[in-house]
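Containing compact mmCIF, C-alpha atoms: coords39.txt.
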# COMPACT_ATOMS: atom_id res chain seq x y z
CA MET A 201 70.63 -29.50 4.33
CA GLU A 202 71.58 -32.03 7.00
CA PHE A 203 73.30 -35.34 6.26
CA GLY A 204 70.76 -38.05 5.60
CA SER A 205 67.96 -35.61 4.82
CA VAL A 206 65.11 -36.93 2.78
CA LEU A 207 64.78 -36.58 -0.96
CA ASN A 208 61.87 -35.01 -2.74
CA SER A 209 59.55 -37.80 -3.79
CA GLU A 210 57.67 -35.78 -6.39
CA PRO A 211 59.25 -34.56 -9.66
CA LYS A 212 59.60 -30.82 -10.03
CA THR A 213 60.21 -28.50 -12.92
CA VAL A 214 63.46 -26.54 -12.91
CA SER A 215 65.08 -24.17 -15.34
CA GLU A 216 67.85 -25.12 -17.75
CA SER A 217 70.41 -23.29 -15.61
CA ASP A 218 69.33 -25.30 -12.57
CA LEU A 219 70.10 -28.52 -14.40
CA THR A 220 73.71 -27.52 -14.98
CA ARG A 221 74.26 -26.24 -11.45
CA PRO A 222 75.38 -28.74 -8.76
CA ILE A 223 72.79 -29.68 -6.17
CA PRO A 224 73.36 -27.55 -3.04
CA GLY A 225 75.58 -29.40 -0.59
CA THR A 226 76.76 -31.99 -3.12
CA PRO A 227 80.54 -31.74 -3.70
CA PRO A 228 81.19 -31.36 -7.43
CA PHE A 229 83.24 -33.83 -9.42
CA SER A 230 86.87 -32.73 -9.34
CA LEU A 231 90.34 -33.83 -10.39
CA ALA A 232 90.99 -35.03 -6.84
CA THR A 233 87.82 -37.14 -6.99
CA LEU A 234 88.96 -38.63 -10.29
CA MET A 235 92.37 -39.48 -8.83
CA VAL A 236 90.79 -41.26 -5.86
CA TRP A 237 88.47 -43.16 -8.19
CA VAL A 238 91.28 -44.23 -10.54
CA THR A 239 93.39 -45.30 -7.56
CA PHE A 240 90.76 -47.65 -6.18
CA LEU A 241 89.90 -48.96 -9.64
CA SER A 242 93.57 -49.79 -10.19
CA LEU A 243 93.81 -51.52 -6.82
CA SER A 244 90.68 -53.53 -7.58
CA PHE A 245 91.96 -54.69 -10.95
CA CYS A 246 95.36 -55.55 -9.44
CA ALA A 247 93.69 -57.56 -6.67
CA TRP A 248 91.57 -59.57 -9.12
CA MET A 249 94.54 -60.21 -11.42
CA THR A 250 96.65 -61.36 -8.46
CA PHE A 251 94.02 -63.78 -7.18
CA LEU A 252 93.25 -65.16 -10.64
CA ASN A 253 96.96 -65.72 -11.23
CA GLY A 254 96.98 -67.58 -7.94
CA PHE A 255 94.56 -70.06 -9.51
CA GLY A 256 96.71 -70.27 -12.63
CA LEU A 257 94.33 -68.13 -14.66
CA ASN A 258 95.29 -65.11 -16.71
CA ALA A 259 94.00 -63.02 -19.58
CA THR A 260 96.60 -64.31 -22.04
CA GLY A 261 94.78 -67.51 -22.86
CA LYS A 262 93.23 -69.28 -19.88
CA LEU A 263 90.31 -66.90 -19.43
CA ASP A 264 87.52 -66.76 -21.99
CA TRP A 265 85.85 -63.51 -23.01
CA PHE A 266 82.89 -64.07 -20.69
CA SER A 267 85.20 -64.51 -17.69
CA ILE A 268 87.18 -61.39 -18.57
CA ARG A 269 83.98 -59.35 -18.73
CA PHE A 270 82.69 -60.93 -15.52
CA TYR A 271 85.79 -60.28 -13.43
CA GLY A 272 86.40 -56.90 -15.07
CA THR A 273 82.90 -55.74 -14.20
CA SER A 274 83.36 -56.99 -10.64
CA ALA A 275 86.57 -54.98 -10.37
CA VAL A 276 84.83 -51.83 -11.63
CA GLY A 277 81.97 -52.31 -9.16
CA LEU A 278 84.38 -52.91 -6.28
CA GLY A 279 86.62 -49.94 -7.06
CA THR A 280 83.72 -47.56 -7.59
CA GLY A 281 81.86 -48.76 -4.50
CA ILE A 282 84.91 -48.32 -2.28
CA THR A 283 85.52 -44.90 -3.82
CA THR A 284 81.97 -43.89 -2.93
CA ILE A 285 82.37 -45.00 0.68
CA VAL A 286 85.71 -43.19 1.01
CA LEU A 287 84.32 -39.99 -0.51
CA MET A 288 81.30 -40.02 1.78
CA VAL A 289 83.51 -40.50 4.83
CA LEU A 290 85.78 -37.64 3.70
CA TRP A 291 82.84 -35.35 2.98
CA ARG A 292 81.31 -36.13 6.35
CA SER A 293 84.60 -35.58 8.20
CA ARG A 294 84.90 -32.15 6.55
CA GLY A 295 81.39 -31.16 7.53
CA MET A 296 80.00 -31.38 3.99
CA ALA A 297 76.34 -32.31 3.67
CA TRP A 298 74.65 -33.89 0.68
CA SER A 299 71.26 -35.26 -0.29
CA TRP A 300 71.00 -39.03 -0.48
CA GLN A 301 69.87 -40.16 -3.91
CA PRO A 302 69.00 -43.61 -5.31
CA GLY A 303 72.30 -43.96 -7.16
CA HIS A 304 74.23 -43.46 -3.92
CA VAL A 305 72.45 -46.42 -2.33
CA MET A 306 73.18 -48.56 -5.40
CA LEU A 307 76.89 -47.82 -5.10
CA LEU A 308 76.88 -48.72 -1.40
CA TRP A 309 75.30 -52.14 -1.78
CA ILE A 310 77.19 -53.03 -4.96
CA GLY A 311 80.47 -52.03 -3.33
CA TYR A 312 79.62 -54.17 -0.31
CA TYR A 313 78.58 -57.08 -2.55
CA GLU A 314 81.80 -57.02 -4.55
CA LEU A 315 83.92 -56.61 -1.41
CA ALA A 316 82.38 -59.80 -0.03
CA THR A 317 83.10 -61.53 -3.34
CA ILE A 318 86.78 -60.67 -3.50
CA SER A 319 87.22 -61.41 0.22
CA ALA A 320 85.96 -64.95 -0.35
CA VAL A 321 88.26 -65.35 -3.35
CA ALA A 322 91.19 -64.11 -1.25
CA VAL A 323 90.48 -66.75 1.42
CA ASP A 324 90.10 -69.40 -1.27
CA VAL A 325 93.35 -68.63 -3.06
CA THR A 326 95.33 -68.65 0.20
CA THR A 327 93.88 -71.94 1.46
CA HIS A 328 93.36 -73.84 -1.80
CA ASP A 329 95.16 -77.17 -2.10
CA PRO A 330 95.37 -78.20 -5.80
CA SER A 331 96.16 -81.79 -4.81
CA MET A 332 92.69 -82.25 -3.31
CA GLY A 333 90.02 -83.39 -5.73
CA TYR A 334 87.22 -82.16 -3.49
CA ASP A 335 87.70 -79.64 -0.70
CA PRO A 336 84.63 -79.19 1.54
CA PHE A 337 86.20 -76.11 3.14
CA ARG A 338 86.38 -74.45 -0.27
CA GLN A 339 82.68 -75.04 -0.80
CA ARG A 340 82.00 -73.65 2.66
CA ILE A 341 83.88 -70.45 1.81
CA TYR A 342 81.47 -69.60 -0.99
CA GLU A 343 78.43 -70.68 0.99
CA VAL A 344 79.37 -68.20 3.70
CA GLU A 345 80.13 -65.60 1.04
CA GLY A 346 76.64 -65.93 -0.39
CA LEU A 347 75.00 -65.58 3.01
CA VAL A 348 77.11 -62.54 3.89
CA GLN A 349 76.47 -60.93 0.50
CA HIS A 350 72.73 -61.31 0.25
CA CYS A 351 71.90 -60.79 3.93
CA GLY A 352 74.09 -57.68 3.91
CA VAL A 353 72.47 -56.25 0.78
CA ILE A 354 69.01 -56.82 2.25
CA LEU A 355 70.04 -55.11 5.49
CA ILE A 356 71.57 -52.11 3.67
CA LEU A 357 68.47 -51.60 1.54
CA VAL A 358 66.02 -52.06 4.40
CA VAL A 359 67.90 -49.49 6.50
CA CYS A 360 68.09 -47.03 3.60
CA LEU A 361 64.40 -47.41 2.77
CA SER A 362 63.56 -46.90 6.44
CA LEU A 363 65.64 -43.75 6.88
CA LEU A 364 65.42 -42.13 3.44
CA ARG A 365 62.46 -41.00 1.39
CA PHE A 366 62.58 -41.84 -2.29
CA SER A 367 59.82 -41.75 -4.87
CA ARG A 368 57.47 -44.72 -5.03
CA LEU A 369 59.06 -46.05 -8.21
CA TRP A 370 62.55 -46.06 -6.72
CA ARG A 371 61.20 -47.79 -3.64
CA VAL A 372 59.69 -50.42 -5.93
CA VAL A 373 63.08 -50.92 -7.59
CA PHE A 374 64.83 -51.38 -4.26
CA GLY A 375 62.01 -53.63 -3.09
CA LEU A 376 62.56 -55.84 -6.13
CA VAL A 377 66.29 -56.01 -5.36
CA ILE A 378 65.44 -57.08 -1.80
CA PHE A 379 63.05 -59.73 -3.15
CA LEU A 380 65.73 -60.93 -5.58
CA ASN A 381 68.20 -61.42 -2.74
CA LEU A 382 65.56 -63.26 -0.71
CA LEU A 383 65.01 -65.59 -3.67
CA ILE A 384 68.74 -66.27 -3.90
CA LEU A 385 68.87 -67.01 -0.17
CA ALA A 386 65.99 -69.44 -0.67
CA LEU A 387 67.93 -71.04 -3.52
CA MET A 388 70.93 -71.45 -1.24
CA ASN A 389 68.59 -73.05 1.31
CA PRO A 390 71.00 -72.71 4.26
CA LEU A 391 68.50 -74.36 6.62
CA GLN A 392 68.18 -77.36 4.27
CA LEU A 393 64.40 -77.06 4.14
CA PRO A 394 62.58 -79.58 1.93
CA MET A 395 61.24 -78.25 -1.35
CA GLY A 396 57.62 -79.10 -2.09
CA GLN A 397 55.77 -79.72 -5.30
CA PHE A 398 54.89 -76.06 -5.86
CA ILE A 399 58.16 -74.52 -4.66
CA SER A 400 61.20 -75.94 -6.40
CA PHE A 401 64.75 -74.85 -7.05
CA GLU A 402 63.91 -74.40 -10.72
CA MET A 403 61.00 -72.10 -9.92
CA LEU A 404 63.17 -70.03 -7.58
CA ARG A 405 65.94 -69.85 -10.17
CA ARG A 406 63.58 -68.66 -12.88
CA SER A 407 61.96 -66.14 -10.53
CA ALA A 408 65.39 -64.73 -9.64
CA ASN A 409 66.25 -64.36 -13.33
CA VAL A 410 62.95 -62.57 -13.97
CA MET A 411 63.70 -60.16 -11.11
CA ARG A 412 67.13 -59.41 -12.60
CA ILE A 413 65.57 -58.65 -15.98
CA VAL A 414 62.88 -56.44 -14.43
CA VAL A 415 65.39 -54.42 -12.38
CA PHE A 416 67.75 -54.15 -15.37
CA GLY A 417 64.90 -52.74 -17.43
CA MET A 418 63.27 -50.51 -14.82
CA VAL A 419 66.36 -48.59 -13.75
CA PRO A 420 67.25 -46.98 -17.12
CA LEU A 421 63.58 -46.30 -17.87
CA LEU A 422 63.12 -44.58 -14.52
CA ALA A 423 66.35 -42.61 -15.00
CA LEU A 424 65.16 -41.43 -18.43
CA TRP A 425 61.77 -40.51 -16.99
CA GLU A 426 63.46 -38.34 -14.38
CA LEU A 427 65.45 -36.63 -17.13
CA VAL A 428 62.22 -35.86 -18.96
CA GLN A 429 60.71 -34.55 -15.72
CA ARG A 430 63.90 -32.52 -15.11
CA GLU A 431 64.46 -34.14 -11.74
CA GLN A 432 67.70 -32.81 -10.31
CA ARG A 433 70.30 -35.54 -9.76
CA ASP A 434 74.00 -35.27 -8.98
CA TRP A 435 76.92 -36.92 -10.76
CA LEU A 436 77.29 -39.66 -8.13
CA HIS A 437 73.70 -40.75 -8.70
CA TRP A 438 74.39 -41.25 -12.41
CA VAL A 439 77.55 -43.19 -11.64
CA GLY A 440 75.41 -45.45 -9.47
CA ILE A 441 72.96 -46.00 -12.34
CA VAL A 442 75.78 -47.04 -14.68
CA ILE A 443 77.41 -49.34 -12.12
CA LEU A 444 74.11 -51.07 -11.36
CA LEU A 445 73.52 -51.70 -15.07
CA LEU A 446 77.05 -53.10 -15.39
CA HIS A 447 76.43 -55.28 -12.35
CA TYR A 448 73.33 -56.85 -13.86
CA ALA A 449 74.74 -56.86 -17.40
CA LYS A 450 76.85 -59.86 -16.35
CA TRP A 451 73.66 -61.81 -15.73
CA MET A 452 72.00 -60.52 -18.88
CA ASN A 453 74.94 -61.81 -20.92
CA TYR A 454 74.71 -65.15 -19.13
CA LEU A 455 70.97 -65.46 -19.71
CA ALA A 456 71.38 -64.47 -23.36
CA GLY A 457 74.11 -67.08 -23.81
CA PHE A 458 76.90 -64.62 -24.61
Starting from the file, lay out its structure as structure tokens.
Amino acid sequence: MEFGSVLNSEPKTVSESDLTRPIPGTPPFSLATLMVWVTFLSLSFCAWMTFLNGFGLNATGKLDWFSIRFYGTSAVGLGTGITTIVLMVLWRSRGMAWSWQPGHVMLLWIGYYELATISAVAVDVTTHDPSMGYDPFRQRIYEVEGLVQHCGVILILVVCLSLLRFSRLWRVVFGLVIFLNLLILALMNPLQLPMGQFISFEMLRRSANVMRIVVFGMVPLLALWELVQREQRDWLHWVGIVILLLHYAKWMNYLAGF
């Protein structure tokens, strides 16, 4: 099977032995894979701890539980996303082929998203002047971060949906993620367009929250449905499912007031 080959869009019935056997062409999870993953997770956590310490924040008392979960989840998403990219490059360089699956795409865009986040924080911590009450450059850093994040995620998903064939339900999920990022870009309003009576920031904010809830609910339901249908998925796909749920769990906690 060639790299980038399409996925079967229709569920198929396989035997019990097929479910336990790796998908042809997909490198199995190994000790070396685990070591690479742990390495990048450790680097991600170290980077976040270093930058937070640069702002005078630490886990010993100046960070509340919500912040610890937020930054911890970001570190997990960053480390796992980078691990995925590194593994794919290594597999490709060694002539290994694999079938693209929805979870792989999730890991790519989440890794990119978190990389943009920590890059902005790195610029902020190195240029921040505590003596300034208001720093317009600091605000600009995070405005650019938002544009890079959401435009990049949209581009990644549009390219993947154009080149890869997923089932209709997975395409709906990715379409909702694209729509969510478009809503956030509209909320950022980089062109400073006037908001009318029927389109307001509050309406856009609520719509974005609804999209997060819908995606957070659809992904595990669709994953369970594929298990019932005995759809063959590899280990990296399931890692992507978990990381996406962790990514949106931050927002679910925020919306729930936890």
Skip Val442 (chain A) itself and residues of its chain fewer than 5 positions away, then list as a VMD selection string all residues within 9 Å of it, counting all atoms listed in the file.
chain A and resid 303 420 437 447
Identify which of the residues A:Val358, A:Leu364, A:Leu278, A:Leu446 lies closest to Ser319 (chain A), counting all atoms listed in the file when measuring atom-to-atom distances.
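So, comparing all the options, the nearest one is A:Leu278.
Using all atoms listed in the file, the residues found no farther than 8 Å from region 242-255 of chain A, other than those of its own chain fewer than 4 positions away, are Val238, Tyr271, Gly272, Ala275, Val276, Leu278, Gly279, Ile318, Val321, Ala322 and Val325 of chain A.
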Quick check, in Å to one decimal: how far apart do CA of Lys450 (chain A) and CA of Ala316 (chain A) lie?
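Taking CA of Lys450 (chain A) and CA of Ala316 (chain A), their separation equals 17.2 Å.
The two atoms in question, CA of Phe240 (chain A) and CA of Asn381 (chain A), are spaced 26.7 Å apart.
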Separation of CA of Leu424 (chain A) from CA of Ser274 (chain A) in Å:
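Computing the Euclidean distance for CA of Ser274 (chain A) and CA of Leu424 (chain A) yields 25.2 Å.
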Pick from A:Gly417, A:Val286, A:Ala320, A:Leu357 nearest to Val344 (chain A), counting only C-alpha atoms:
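Of all the options, A:Ala320 lies closest to Val344 (chain A).
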When you look at Ile441 (chain A) with a cut-off of 9 Å (counting only C-alpha atoms), what residues show up, excluding the ones that are within fewer than 2 positions of it in the same chain? I need them as a ChimeraX atom specification.
/A:302-304,306-307,419-420,423,436-439,443-446
Near Glu343 (chain A), counting only C-alpha atoms, which residues have an atom at most 10 Å away, once you skip same-chain residues fewer than 6 positions from it, shown as a count of residues only?
5
Residue with smallest distance to Leu385 (chain A) - pool A:Met403, A:Leu347, A:Ile354, A:Ala408, counting only C-alpha atoms:
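Going through A:Met403, A:Leu347, A:Ile354, A:Ala408 one by one, the smallest distance to Leu385 (chain A) is for A:Leu347.
Compared by their closest atoms to Ile378 (chain A), and using all atoms listed in the file, the residues A:Gly346, A:Pro336, A:Gly277, A:Gly352 rank with A:Gly352 nearest.
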Between A:Val353, A:Leu387, A:Ile310, A:Met452, which residue has the minimum interatomic distance to Asn409 (chain A), considering all atoms listed in the file?
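Comparing A:Val353, A:Leu387, A:Ile310, A:Met452 against Asn409 (chain A), the winner is A:Met452.
Near Leu404 (chain A), within 8 Å and counting all atoms listed in the file, sit Leu383, Ile384, Ala386, Leu387, Ile399, Ser400 and Ala408 of chain A; same-chain residues fewer than 4 positions away were not included.
Residue nearest Leu308 (chain A), chosen from A:Thr283, A:Ser407, A:Gln392, A:Ser367 and counting only C-alpha atoms: A:Thr283.
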